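> Sharing work-v2.txt here; it has compact mmCIF, C-alpha atoms.
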```txt
# COMPACT_ATOMS: atom_id res chain seq x y z
CA MET A 1 89.51 41.81 149.53
CA GLY A 2 91.90 39.74 147.45
CA GLU A 3 93.16 40.16 143.88
CA LYS A 4 90.29 38.09 142.58
CA LYS A 5 87.75 40.55 143.95
CA THR A 6 88.80 43.67 142.05
CA GLY A 7 91.48 42.50 139.65
CA GLY A 8 89.07 42.71 136.70
CA ALA A 9 88.55 46.44 137.10
CA ASN A 10 91.51 47.25 134.86
CA ARG A 11 90.13 45.00 132.12
CA MET A 12 87.05 47.06 131.31
CA ILE A 13 86.02 47.09 127.66
CA LEU A 14 83.52 49.94 127.34
CA TYR A 15 83.76 51.64 130.72
CA ARG A 16 87.26 53.02 130.38
CA ASN A 17 88.52 56.58 130.87
CA LEU A 18 85.94 57.41 133.48
CA GLN A 19 85.50 60.99 134.65
CA TYR A 20 87.32 60.09 137.88
CA GLN A 21 89.46 57.30 136.45
CA GLU A 22 92.46 57.97 138.72
CA LEU A 23 90.35 57.77 141.88
CA PHE A 24 88.64 54.64 140.54
CA ASP A 25 92.02 52.97 139.91
CA ASP A 26 93.45 54.00 143.28
CA MET A 27 90.42 52.71 145.18
CA CYS A 28 90.43 49.44 143.27
CA GLY A 29 94.12 49.05 144.13
CA LEU A 30 93.42 49.57 147.82
CA LEU A 31 90.48 47.17 147.79
CA SER A 32 92.69 44.55 146.13
CA GLY A 33 95.13 44.75 149.02
CA GLY A 34 97.67 46.89 147.20
CA ALA A 35 99.63 49.83 148.55
CA GLY A 36 98.23 53.33 148.23
CA ASP A 37 97.35 56.52 150.04
CA ALA A 38 94.06 55.61 151.71
CA CYS A 39 93.63 59.04 153.29
CA ALA A 40 94.07 60.78 149.92
CA CYS A 41 91.43 58.53 148.38
CA ALA A 42 89.07 59.21 151.27
CA GLY A 43 89.59 62.95 150.88
CA ARG A 44 88.78 62.83 147.18
CA LEU A 45 85.63 60.80 147.84
CA ILE A 46 84.51 63.40 150.39
CA ASP A 47 85.22 66.28 147.99
CA MET A 48 83.21 64.52 145.29
CA ALA A 49 80.33 63.86 147.71
CA VAL A 50 80.12 67.47 148.84
CA ALA A 51 80.26 68.77 145.24
CA TYR A 52 77.51 66.45 144.01
CA GLY A 53 75.45 66.31 147.21
CA PHE A 54 75.82 62.56 147.80
CA SER A 55 75.21 60.83 151.12
CA GLY A 56 75.12 57.22 152.27
CA ASN A 57 77.76 54.83 150.93
CA LEU A 58 80.09 57.16 149.04
CA TRP A 59 81.90 54.35 147.23
CA ARG A 60 78.69 53.07 145.74
CA CYS A 61 77.41 56.58 144.95
CA PHE A 62 80.73 57.24 143.25
CA LEU A 63 80.47 54.11 141.08
CA ALA A 64 76.84 54.85 140.21
CA PHE A 65 77.85 58.36 139.16
CA CYS A 66 80.72 57.01 137.04
CA MET A 67 78.32 54.78 135.13
CA ALA A 68 75.64 57.47 134.85
CA SER A 69 78.09 59.99 133.40
CA HIS A 70 80.10 57.74 131.05
CA GLU A 71 79.25 58.06 127.37
CA ASN A 72 80.17 54.93 125.41
CA ALA A 73 78.69 52.85 122.63
CA TYR A 74 76.41 50.94 125.01
CA SER A 75 75.19 53.80 127.23
CA VAL A 76 74.36 56.09 124.28
CA ALA A 77 72.52 53.24 122.52
CA CYS A 78 70.43 52.64 125.65
CA GLU A 79 69.62 56.33 125.87
CA ILE A 80 67.99 56.23 122.45
CA SER A 81 66.11 52.93 122.47
CA GLY A 82 66.69 51.03 125.70
CA SER A 83 68.65 47.80 125.74
CA PRO A 84 70.30 47.37 122.30
CA GLY A 85 70.71 43.59 122.43
CA GLY A 86 73.22 41.69 120.33
CA SER A 87 76.96 41.67 120.81
CA LEU A 88 77.02 45.15 122.32
CA GLU A 89 74.81 44.06 125.20
CA ARG A 90 76.88 40.92 125.79
CA LEU A 91 80.13 42.89 125.80
CA ALA A 92 78.65 45.39 128.24
CA ALA A 93 77.64 42.47 130.47
CA LEU A 94 81.33 41.60 130.89
CA ASP A 95 82.01 45.12 132.15
CA PHE A 96 79.00 45.05 134.46
CA ALA A 97 80.16 41.75 135.96
CA ARG A 98 83.49 43.36 136.83
CA MET A 99 81.83 46.54 138.04
CA ARG A 100 79.51 44.52 140.27
CA GLU A 101 82.52 42.86 141.91
CA VAL A 102 84.00 46.26 142.68
CA PHE A 103 80.61 47.59 143.79
CA SER A 104 80.17 44.81 146.34
CA CYS A 105 83.43 45.60 148.14
CA ASP A 106 83.13 46.77 151.76
CA ILE A 107 85.20 49.93 152.04
CA GLY A 108 84.93 49.75 155.81
CA ALA A 109 87.44 46.87 155.66
CA LEU A 110 90.11 49.39 154.60
CA ASP A 111 90.19 50.90 158.10
CA ALA A 112 93.25 50.09 160.13
CA ASP A 113 94.02 50.47 163.84
CA GLY A 114 90.37 51.16 164.64
CA GLU A 115 90.31 54.60 163.02
CA ASN A 116 86.86 54.18 161.39
CA LEU A 117 87.68 56.47 158.45
CA PHE A 118 86.13 54.47 155.62
CA GLY A 119 83.45 53.21 157.98
CA GLN A 120 82.11 56.77 158.10
CA LEU A 121 82.29 57.03 154.32
CA ALA A 122 80.15 53.91 154.07
CA ASP A 123 77.37 55.83 155.85
CA PHE A 124 78.20 59.45 155.09
CA GLU A 125 76.05 62.28 156.41
CA ASN A 126 76.33 65.23 154.05
CA PRO A 127 76.07 68.49 156.04
CA ALA A 128 75.14 70.59 152.99
CA GLY A 129 72.82 68.15 151.28
CA ASN A 130 72.55 70.16 148.06
CA SER A 131 74.49 69.56 144.89
CA ARG A 132 76.60 72.38 143.47
CA VAL A 133 76.72 70.59 140.12
CA LEU A 134 73.66 68.41 139.53
CA ASN A 135 69.95 69.05 139.42
CA ARG A 136 68.45 67.67 142.64
CA ARG A 137 66.25 65.24 140.71
CA ILE A 138 69.26 63.71 138.98
CA ARG A 139 71.30 63.67 142.21
CA ASP A 140 68.54 61.78 144.00
CA ARG A 141 68.13 59.37 141.10
CA ILE A 142 71.86 58.54 141.14
CA MET A 143 71.65 57.74 144.85
CA GLU A 144 68.57 55.61 144.13
CA LEU A 145 70.56 53.84 141.41
CA ALA A 146 73.33 53.12 143.94
CA ALA A 147 70.77 51.62 146.32
CA ALA A 148 69.22 49.51 143.54
CA LEU A 149 72.62 48.20 142.47
CA SER A 150 73.38 47.26 146.08
CA GLY A 151 70.40 44.94 146.03
CA ALA A 152 71.08 43.43 142.59
CA GLU A 153 71.11 39.63 142.94
CA ASP A 154 73.21 38.98 139.84
CA THR A 155 74.93 40.67 136.92
CA GLN A 156 71.76 40.60 134.82
CA ALA A 157 69.81 42.56 137.45
CA PHE A 158 72.77 44.94 137.89
CA GLN A 159 72.88 45.63 134.15
CA ALA A 160 69.09 46.04 133.94
CA ALA A 161 69.13 48.74 136.63
CA VAL A 162 71.83 50.77 134.87
CA THR A 163 70.15 50.32 131.48
CA GLU A 164 66.83 51.58 132.83
CA PHE A 165 68.59 54.66 134.19
CA TYR A 166 70.01 55.36 130.71
CA ARG A 167 66.62 54.86 129.08
CA GLU A 168 64.83 57.18 131.46
CA TYR A 169 67.40 59.88 132.14
CA GLY A 170 70.07 59.57 129.46
CA VAL A 171 73.78 59.53 130.04
CA GLY A 172 76.75 61.84 130.36
CA ARG A 173 76.73 65.60 130.16
CA PHE A 174 73.42 65.81 128.30
CA GLY A 175 71.72 63.42 130.70
CA LEU A 176 72.97 65.04 133.90
CA ASN A 177 72.73 68.73 132.96
CA GLN A 178 70.10 71.01 131.46
CA ALA A 179 72.01 73.91 129.94
CA PHE A 180 75.28 74.27 128.05
CA HIS A 181 77.56 76.77 126.38
CA VAL A 182 80.10 76.40 123.60
CA ARG A 183 83.85 76.55 124.19
CA PRO A 184 86.78 76.13 121.79
CA GLY A 185 88.06 72.56 121.76
CA GLY A 186 91.10 70.80 120.46
CA SER A 187 91.85 70.17 116.78
CA GLY A 188 89.56 73.00 115.69
CA ALA A 189 86.41 71.35 117.09
CA VAL A 190 84.14 72.97 119.65
CA SER A 191 83.32 71.60 123.09
CA ILE A 192 79.80 71.74 124.53
CA GLU A 193 80.28 72.38 128.25
CA PRO A 194 77.62 72.23 131.00
CA VAL A 195 76.34 75.33 132.76
CA THR A 196 76.39 74.11 136.34
CA ARG A 197 74.01 76.70 137.83
CA VAL A 198 70.96 77.75 135.82
CA GLU A 199 68.74 80.57 137.04
CA CYS A 200 65.60 79.03 138.54
CA ILE A 201 62.84 81.02 136.80
CA ARG A 202 59.32 79.69 136.37
CA LEU A 203 56.78 80.91 133.86
CA GLU A 204 54.45 81.57 136.77
CA ASP A 205 57.00 84.05 138.15
CA LEU A 206 56.64 86.27 135.07
CA VAL A 207 53.77 88.68 135.64
CA GLY A 208 51.67 89.51 132.59
CA TYR A 209 52.37 88.66 128.93
CA GLU A 210 49.95 85.73 129.09
CA ARG A 211 49.34 85.57 125.33
CA GLN A 212 53.07 85.62 124.65
CA LYS A 213 53.75 82.85 127.15
CA GLU A 214 50.87 80.76 125.78
CA LYS A 215 52.27 81.01 122.26
CA LEU A 216 55.76 80.05 123.44
CA ILE A 217 54.46 77.12 125.49
CA GLY A 218 52.38 75.79 122.59
CA ASN A 219 55.34 75.74 120.22
CA THR A 220 57.65 74.19 122.83
CA GLU A 221 55.21 71.44 123.78
CA ALA A 222 54.76 70.53 120.13
CA PHE A 223 58.55 70.27 119.85
CA ILE A 224 58.88 68.14 123.01
CA GLU A 225 56.14 65.77 121.81
CA GLY A 226 57.77 65.29 118.41
CA ARG A 227 55.19 67.30 116.45
CA ALA A 228 55.96 70.04 113.95
CA ALA A 229 57.35 73.16 115.62
CA ASN A 230 58.95 76.41 114.50
CA ASN A 231 62.02 78.40 115.37
CA VAL A 232 61.03 81.31 117.59
CA LEU A 233 62.07 84.97 117.71
CA LEU A 234 61.08 86.94 120.80
CA PHE A 235 61.49 90.64 120.07
CA GLY A 236 60.49 93.90 121.66
CA ASP A 237 61.45 96.40 124.32
CA SER A 238 64.25 95.72 126.76
CA GLY A 239 63.46 94.42 130.23
CA THR A 240 60.13 92.87 129.25
CA GLY A 241 60.98 89.22 130.04
CA LYS A 242 62.07 87.78 126.69
CA SER A 243 65.18 86.02 128.01
CA SER A 244 63.44 85.07 131.26
CA SER A 245 60.63 83.40 129.31
CA ILE A 246 63.09 81.14 127.49
CA LYS A 247 64.89 80.22 130.72
CA ALA A 248 61.53 79.44 132.32
CA VAL A 249 60.63 77.16 129.40
CA LEU A 250 63.84 75.21 129.98
CA ASN A 251 63.07 74.78 133.68
CA ARG A 252 59.52 73.61 132.93
CA TYR A 253 60.40 71.02 130.29
CA TYR A 254 63.82 69.85 131.43
CA ASP A 255 62.43 66.67 132.98
CA ARG A 256 60.77 65.86 129.62
CA GLY A 257 64.10 65.84 127.80
CA LEU A 258 64.54 69.51 126.87
CA ARG A 259 68.12 70.82 126.83
CA MET A 260 69.43 74.27 125.90
CA ILE A 261 72.73 75.36 124.35
CA GLU A 262 73.63 79.04 124.46
CA VAL A 263 75.51 80.24 121.40
CA TYR A 264 76.90 83.74 120.96
CA LYS A 265 77.04 85.67 117.71
CA HIS A 266 80.79 85.25 117.25
CA GLN A 267 80.35 81.47 117.51
CA PHE A 268 77.91 81.07 114.61
CA GLY A 269 80.63 79.59 112.43
CA CYS A 270 80.68 76.62 114.84
CA LEU A 271 76.94 75.91 114.62
CA PHE A 272 77.26 73.02 112.20
CA ASP A 273 79.86 71.39 114.46
CA VAL A 274 77.44 71.74 117.39
CA LEU A 275 74.65 70.09 115.38
CA GLU A 276 76.91 67.15 114.54
CA GLN A 277 77.41 66.50 118.25
CA ILE A 278 73.74 66.59 119.24
CA LYS A 279 71.79 65.34 116.23
CA ASP A 280 71.58 61.68 117.29
CA ARG A 281 70.98 62.17 121.01
CA ASN A 282 67.72 61.31 122.71
CA TYR A 283 66.95 64.88 123.79
CA ARG A 284 65.30 67.95 122.35
CA PHE A 285 67.76 70.82 122.01
CA ILE A 286 67.04 74.53 121.83
CA ILE A 287 69.88 76.62 120.46
CA TYR A 288 69.49 79.82 122.48
CA MET A 289 70.69 83.14 121.05
CA ASP A 290 70.21 86.09 123.37
CA ASP A 291 70.10 89.72 122.27
CA LEU A 292 70.48 88.82 118.62
CA SER A 293 71.23 91.66 116.22
CA PHE A 294 73.80 92.52 113.57
CA GLU A 295 75.48 95.67 112.43
CA GLU A 296 75.70 96.23 108.70
CA HIS A 297 79.36 95.13 108.55
CA GLU A 298 78.74 91.86 110.44
CA THR A 299 78.19 88.83 108.23
CA GLU A 300 77.77 86.07 110.83
CA TYR A 301 74.04 86.10 110.12
CA LYS A 302 74.74 84.20 106.88
CA TYR A 303 75.68 81.11 108.93
CA LEU A 304 72.40 81.39 110.81
CA LYS A 305 70.36 81.75 107.62
CA ALA A 306 71.96 78.65 106.16
CA LEU A 307 71.32 76.72 109.35
CA ILE A 308 67.67 77.66 109.72
CA GLU A 309 66.71 77.14 106.12
CA GLY A 310 68.61 76.89 102.91
CA GLY A 311 71.70 74.83 103.70
CA LEU A 312 72.42 71.60 101.85
CA GLY A 313 72.06 69.50 104.98
CA ILE A 314 68.78 69.02 106.84
CA LYS A 315 68.54 70.57 110.29
CA PRO A 316 68.09 67.75 112.82
CA GLU A 317 64.53 67.14 113.98
CA ASN A 318 65.60 67.39 117.62
CA VAL A 319 66.89 70.98 117.28
CA LEU A 320 65.12 74.36 117.29
CA ILE A 321 66.44 77.91 117.54
CA TYR A 322 65.02 80.37 120.08
CA ALA A 323 66.36 83.91 119.86
CA THR A 324 65.67 87.19 121.61
CA SER A 325 66.22 90.65 120.19
CA ASN A 326 65.27 94.25 120.79
CA ARG A 327 64.88 94.59 117.02
CA ARG A 328 62.14 93.14 114.85
CA HIS A 329 64.49 93.26 111.85
CA LEU A 330 67.69 91.74 113.12
CA ILE A 331 70.13 93.48 110.78
CA ARG A 332 70.60 97.18 111.37
CA GLU A 333 69.23 99.53 108.72
CA LYS A 334 69.78 103.29 108.42
CA PHE A 335 68.25 106.08 106.34
CA SER A 336 71.63 106.43 104.67
CA ASP A 337 71.14 102.90 103.31
CA LYS A 338 68.39 104.23 101.07
CA ARG A 339 70.78 106.66 99.42
CA GLU A 340 73.22 103.84 98.80
CA LEU A 341 70.46 101.66 97.36
CA ASP A 342 69.66 104.34 94.80
CA ASP A 343 72.97 103.45 93.12
CA GLU A 344 72.19 99.73 92.95
CA LEU A 345 70.61 98.08 89.93
CA HIS A 346 68.71 95.56 92.06
CA SER A 347 67.99 97.43 95.26
CA SER A 348 65.08 95.15 96.21
CA ASP A 349 67.48 92.18 96.37
CA THR A 350 69.63 94.01 98.92
CA VAL A 351 66.58 94.83 101.04
CA GLN A 352 65.43 91.21 100.97
CA GLU A 353 68.92 90.07 101.99
CA LYS A 354 68.55 92.05 105.21
CA LEU A 355 64.93 91.16 105.93
CA SER A 356 65.11 87.45 105.14
CA LEU A 357 66.79 86.42 108.41
CA ALA A 358 63.89 87.51 110.65
CA SER A 359 61.39 85.95 108.23
CA ARG A 360 63.00 82.54 108.71
CA PHE A 361 61.71 82.34 112.28
CA GLY A 362 58.32 80.68 111.94
CA VAL A 363 57.03 82.13 115.22
CA THR A 364 57.63 85.75 116.20
CA ILE A 365 56.40 86.98 119.58
CA TYR A 366 56.30 90.65 120.53
CA TYR A 367 57.07 91.78 124.10
CA GLY A 368 56.14 95.45 124.53
CA SER A 369 56.71 97.72 127.50
CA PRO A 370 53.76 97.76 129.93
CA ASP A 371 51.59 100.82 130.31
CA LYS A 372 51.33 102.58 133.68
CA LYS A 373 48.44 100.44 134.90
CA GLU A 374 50.14 97.18 133.91
CA PHE A 375 53.41 98.33 135.50
CA GLN A 376 51.61 98.97 138.78
CA ARG A 377 50.02 95.52 138.59
CA ILE A 378 53.46 93.95 138.17
CA VAL A 379 54.78 95.92 141.16
CA ARG A 380 51.77 94.96 143.28
CA THR A 381 52.08 91.27 142.40
CA LEU A 382 55.83 91.15 143.10
CA ALA A 383 55.40 93.02 146.39
CA LYS A 384 52.77 90.54 147.52
CA ARG A 385 54.94 87.61 146.44
CA HIS A 386 57.83 88.91 148.55
CA HIS A 387 55.62 89.81 151.54
CA ILE A 388 56.30 93.54 151.36
CA SER A 389 53.82 95.37 153.55
CA MET A 390 53.22 98.93 152.34
CA PRO A 391 50.10 101.00 151.62
CA GLU A 392 49.23 100.61 147.95
CA ASP A 393 49.28 104.35 147.20
CA GLU A 394 52.72 104.70 148.76
CA LEU A 395 53.95 101.62 146.90
CA TYR A 396 52.83 103.03 143.55
CA LEU A 397 54.30 106.44 144.32
CA GLU A 398 57.69 104.99 145.20
CA ALA A 399 57.59 102.71 142.15
CA ASN A 400 56.83 105.64 139.85
CA ARG A 401 59.73 107.61 141.29
CA TRP A 402 61.99 104.62 140.83
CA GLU A 403 61.08 103.97 137.19
CA LEU A 404 61.61 107.61 136.22
CA SER A 405 65.29 107.34 137.11
CA HIS A 406 65.89 103.64 136.35
CA GLY A 407 64.99 102.93 132.76
CA GLY A 408 61.26 103.52 132.49
CA LEU A 409 58.29 101.15 132.56
CA SER A 410 59.31 97.51 132.31
CA GLY A 411 59.14 94.27 134.21
CA ARG A 412 62.87 94.49 134.86
CA THR A 413 62.48 97.93 136.45
CA ALA A 414 59.65 96.62 138.64
CA ALA A 415 61.80 93.69 139.79
CA GLN A 416 64.72 96.01 140.55
CA PHE A 417 62.41 98.26 142.58
CA ILE A 418 61.22 95.31 144.66
CA THR A 419 64.83 94.27 145.24
CA TYR A 420 65.54 97.80 146.43
CA LEU A 421 62.65 97.59 148.93
CA LEU A 422 63.83 94.20 150.17
CA GLY A 423 67.30 95.62 150.70
CA LYS A 424 65.86 98.39 152.87
```
Show this structure as structure tokens.


Amino acid sequence: MGEKKTGGANRMILYRNLQYQELFDDMCGLLSGGAGDACACAGRLIDMAVAYGFSGNLWRCFLAFCMASHENAYSVACEISGSPGGSLERLAALDFARMREVFSCDIGALDADGENLFGQLADFENPAGNSRVLNRRIRDRIMELAAALSGAEDTQAFQAAVTEFYREYGVGRFGLNQAFHVRPGGSGAVSIEPVTRVECIRLEDLVGYERQKEKLIGNTEAFIEGRAANNVLLFGDSGTGKSSSIKAVLNRYYDRGLRMIEVYKHQFGCLFDVLEQIKDRNYRFIIYMDDLSFEEHETEYKYLKALIEGGLGIKPENVLIYATSNRRHLIREKFSDKRELDDELHSSDTVQEKLSLASRFGVTIYYGSPDKKEFQRIVRTLAKRHHISMPEDELYLEANRWELSHGGLSGRTAAQFITYLLGK
């Protein structure tokens, strides 16, 4: 390989501190003729390939993944507007020239004594084939990027291929994942971490509630297309598909740039920190709040009110809030509250304080429990979808028995009943 071939890898300007920087450095050392544990490097490449579902030349897939996942000044700029031009593009070209040198290395040359270890990694057959981490579309696109970079005739073509990937798919955690949750970070900040496995629910899988789904789709499409859209509150009876509808929306519009961040009630104080991290990214974010409600002593709802409407700062245009709740009025009220209000001089102000949170959702969608006929239709549809062969009268009779002892009439109860039949 020679020092000249990979010696520039440690002189990167923008592409430093890669996700797998240690493996990158160790492989570059081996390819430069230096000492190192070749078998350990091979093992780590195989582990990475199995986790992400890569096949073919693992070294080139690895490098393509490193570039696709690395957030820096250049990659984020490309995500927003394509090639940024100017000094930033010229500085990135220096890194791409060095990366292209590393990319062109033949890892098969690392084999010694005819063992053909790295030769197999240059044409790796993945037995699993599926990624445990990435969406299949992104996984395939990274392998396509590796193939395109292999055929790049010069540094300019190499850079153009990576830049086009950033423009089309984005970069880093937000580009390679669809859903996230919030975790405490260092120095008091919060960290937005990917959810690696998102439940694969489609809107077509949800039986009934056509008007509700239509209203949710219309608002979401307006948001995706950059038109005016409202925050949404889905409320109603439990087990009626409120949370499933929001997950299905994410799966439908993910490839059009929709991302979702789940935030729990106790994390509302971190909402403004979350917005700071996502406001300038080239995606549309839904802040997802499931089973939203507050007891009278809980005051976290004040953060949410300020975020939705009324804070000094403007909520970013690429952010909406979708919440689900079993309550129409999100803050608990009791009859005893009326007695307490009788002692207040301005009782109407206190009432408005509690009602104003729900009123700040521009779209409210009600999900009610199905009646007996609708419940049977849901059962019949799910049974047909799962190829359950049973006389219809017997199916309805068993379903009615099931719902009487398992929570009543709801889509969730119907799905649980079908699962029970499949288990038998």

> So that I can check the surroundings of Asp255 (chain A), please list as a list in words every protein, DNA and RNA residue that reaches within 10 Å of it, counting all atoms listed in the file and ignoring chain neighbours fewer than 4 positions away.

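Listed by chain and then number, they are Arg137, Ile138, Glu168, Tyr169, Gln178, Leu250, Asn251 and Arg259 of chain A.
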
> Kindly indicate which residue among A:Phe235, A:Phe158, A:Phe54, A:Trp402 lies nearest to Glu101 (chain A), using only C-alpha atoms for the distances.

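Checking each of A:Phe235, A:Phe158, A:Phe54, A:Trp402 against Glu101 (chain A), counting only C-alpha atoms, the winner is A:Phe158.
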
> Counting all atoms listed in the file, which of A:His70, A:Lys302, A:Lys213, A:His266 gets nearest to Val171 (chain A)?

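Among the listed residues, A:His70 lies closest to Val171 (chain A).
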
> Counting all atoms listed in the file, select every polymer residue within 10 Å of (84.2, 48.6, 150.4) as defined in the file's coordinates, and provide the selection as a list in words.

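Output: Met1, Met27, Cys28, Leu30, Leu31, Asn57, Leu58, Trp59, Arg60, Val102, Phe103, Ser104, Cys105, Asp106, Ile107, Gly108, Ala109, Leu110, Phe118, Gly119, Leu121 and Ala122 of chain A.
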
> For the interface of region 202-246 of chain A with region 371-391 of chain A (cut-off 9 Å, counting all atoms listed in the file), please tabulate each contacting residue of region 202-246 of chain A alongside its nearest pair of atoms and their separation in Å to one decimal, rows sorted by chain and increasing number, as CSV.


```
residue,atom,partner,partner_atom,distance
A:Asp205,CA,A:Leu382,CA,8.7
A:Leu206,CA,A:Ile378,CA,8.9
A:Val207,CA,A:Ile378,CA,5.9
A:Gly208,CA,A:Ile378,CA,7.4
```

> By how many Å are CA of Arg197 (chain A) and CA of His181 (chain A) apart?

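Interatomic distance here is 12.0 Å.
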
> Quick one: everything within 9 Å of Leu176 (chain A), counting only C-alpha atoms, minus sequence neighbours fewer than 6 positions away in the same chain. Send it as a VMD selection string.

chain A and resid 68 to 69 134 to 135 138 to 139 169 to 170

> Could you turn the residues from that selection into a file that holds C-alpha atoms, as a PDB file, in the frame of the given file?


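So the final result, stored in again19.pdb, reads:
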```
ATOM      1  CA  ALA A  68      75.640  57.470 134.850  1.00  0.00           C
ATOM      2  CA  SER A  69      78.090  59.990 133.400  1.00  0.00           C
ATOM      3  CA  LEU A 134      73.660  68.410 139.530  1.00  0.00           C
ATOM      4  CA  ASN A 135      69.950  69.050 139.420  1.00  0.00           C
ATOM      5  CA  ILE A 138      69.260  63.710 138.980  1.00  0.00           C
ATOM      6  CA  ARG A 139      71.300  63.670 142.210  1.00  0.00           C
ATOM      7  CA  TYR A 169      67.400  59.880 132.140  1.00  0.00           C
ATOM      8  CA  GLY A 170      70.070  59.570 129.460  1.00  0.00           C
TER       9      GLY A 170
END
```

> Would you kindly return, as a list in words, each protein, DNA or RNA residue with an atom no farther than 12 Å from any atom of Tyr367 (chain A), considering only C-alpha atoms and excluding same-chain residues fewer than 5 positions away?

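The contact residues come out as Gly208, Tyr209, Glu210, Arg211, Gln212, Lys213, Lys215, Leu216, Leu233, Leu234, Phe235, Gly236, Asp237, Ser238, Gly239, Thr240, Gly241, Lys242, Ser243, Ser244, Ser245, Thr324, Ser325, Asn326, Arg327, Arg328, Ser410 and Gly411 of chain A.
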
> Can you measure CA of Ser405 (chain A) to CA of Asp291 (chain A) for me? One decimal in Å is fine.

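Computing it gives 23.5 Å between the two atoms.
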
> Do you have the CA of Ile418 (chain A)-CA of Leu404 (chain A) distance handy?

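Interatomic distance, CA of Ile418 (chain A) to CA of Leu404 (chain A): 14.9 Å.
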
> Just checking: using all atoms listed in the file, which residue out of A:Ala42, A:Ile13, A:Cys61, A:Leu397 ends up closest to Leu94 (chain A)?

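The answer is A:Ile13, which sits nearest to Leu94 (chain A).
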
> Would you mind telling me which residue in A:Cys78, A:Leu421, A:Ala248, A:Ala146 lies nearest to Asn282 (chain A) when using all atoms listed in the file?

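Looking at the shortest contact to Asn282 (chain A), the residue is A:Cys78.
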
> Find the residues near Ala49 (chain A): any atom within 9 Å, counting only C-alpha atoms, skip ones fewer than 4 places away on the same chain, and give them as a tab-separated table (two decimals) with C-alpha atoms, in the frame of the given file.


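So the final result, stored in selection28.tsv, reads:
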```
chain	number	residue	atom	x	y	z
A	44	ARG	CA	88.78	62.83	147.18
A	45	LEU	CA	85.63	60.80	147.84
A	53	GLY	CA	75.45	66.31	147.21
A	54	PHE	CA	75.82	62.56	147.80
A	55	SER	CA	75.21	60.83	151.12
A	58	LEU	CA	80.09	57.16	149.04
A	61	CYS	CA	77.41	56.58	144.95
A	62	PHE	CA	80.73	57.24	143.25
A	124	PHE	CA	78.20	59.45	155.09
A	126	ASN	CA	76.33	65.23	154.05
A	131	SER	CA	74.49	69.56	144.89
```

> So that I can see what lies close to Asp26 (chain A), please list as number ranges by chain the residues with an atom at most 10 Å from it, counting only C-alpha atoms and leaving out residues fewer than 2 positions away in the same chain.

A: 21-24, 28-32, 34-38, 40-41

> Of the candidates A:Ile46, A:Met12, A:Ala228, A:Ala414, which shows the shortest atom-to-atom distance to Asp123 (chain A), using only C-alpha atoms?

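Closest residue, counting only C-alpha atoms: A:Ile46.
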
> Between A:Ala229, A:Ile286, A:Ile142, A:Leu88, which one has atoms that come closest to Phe180 (chain A), using all atoms listed in the file?

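Once distances to Phe180 (chain A) are computed over all atoms listed in the file, the minimum belongs to A:Ile286.
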
> Taking (66.3, 85.1, 136.4) in the file's coordinates, which residues come within 8 Å, counting only C-alpha atoms, written as number ranges by chain?

A: 199-201, 244, 247
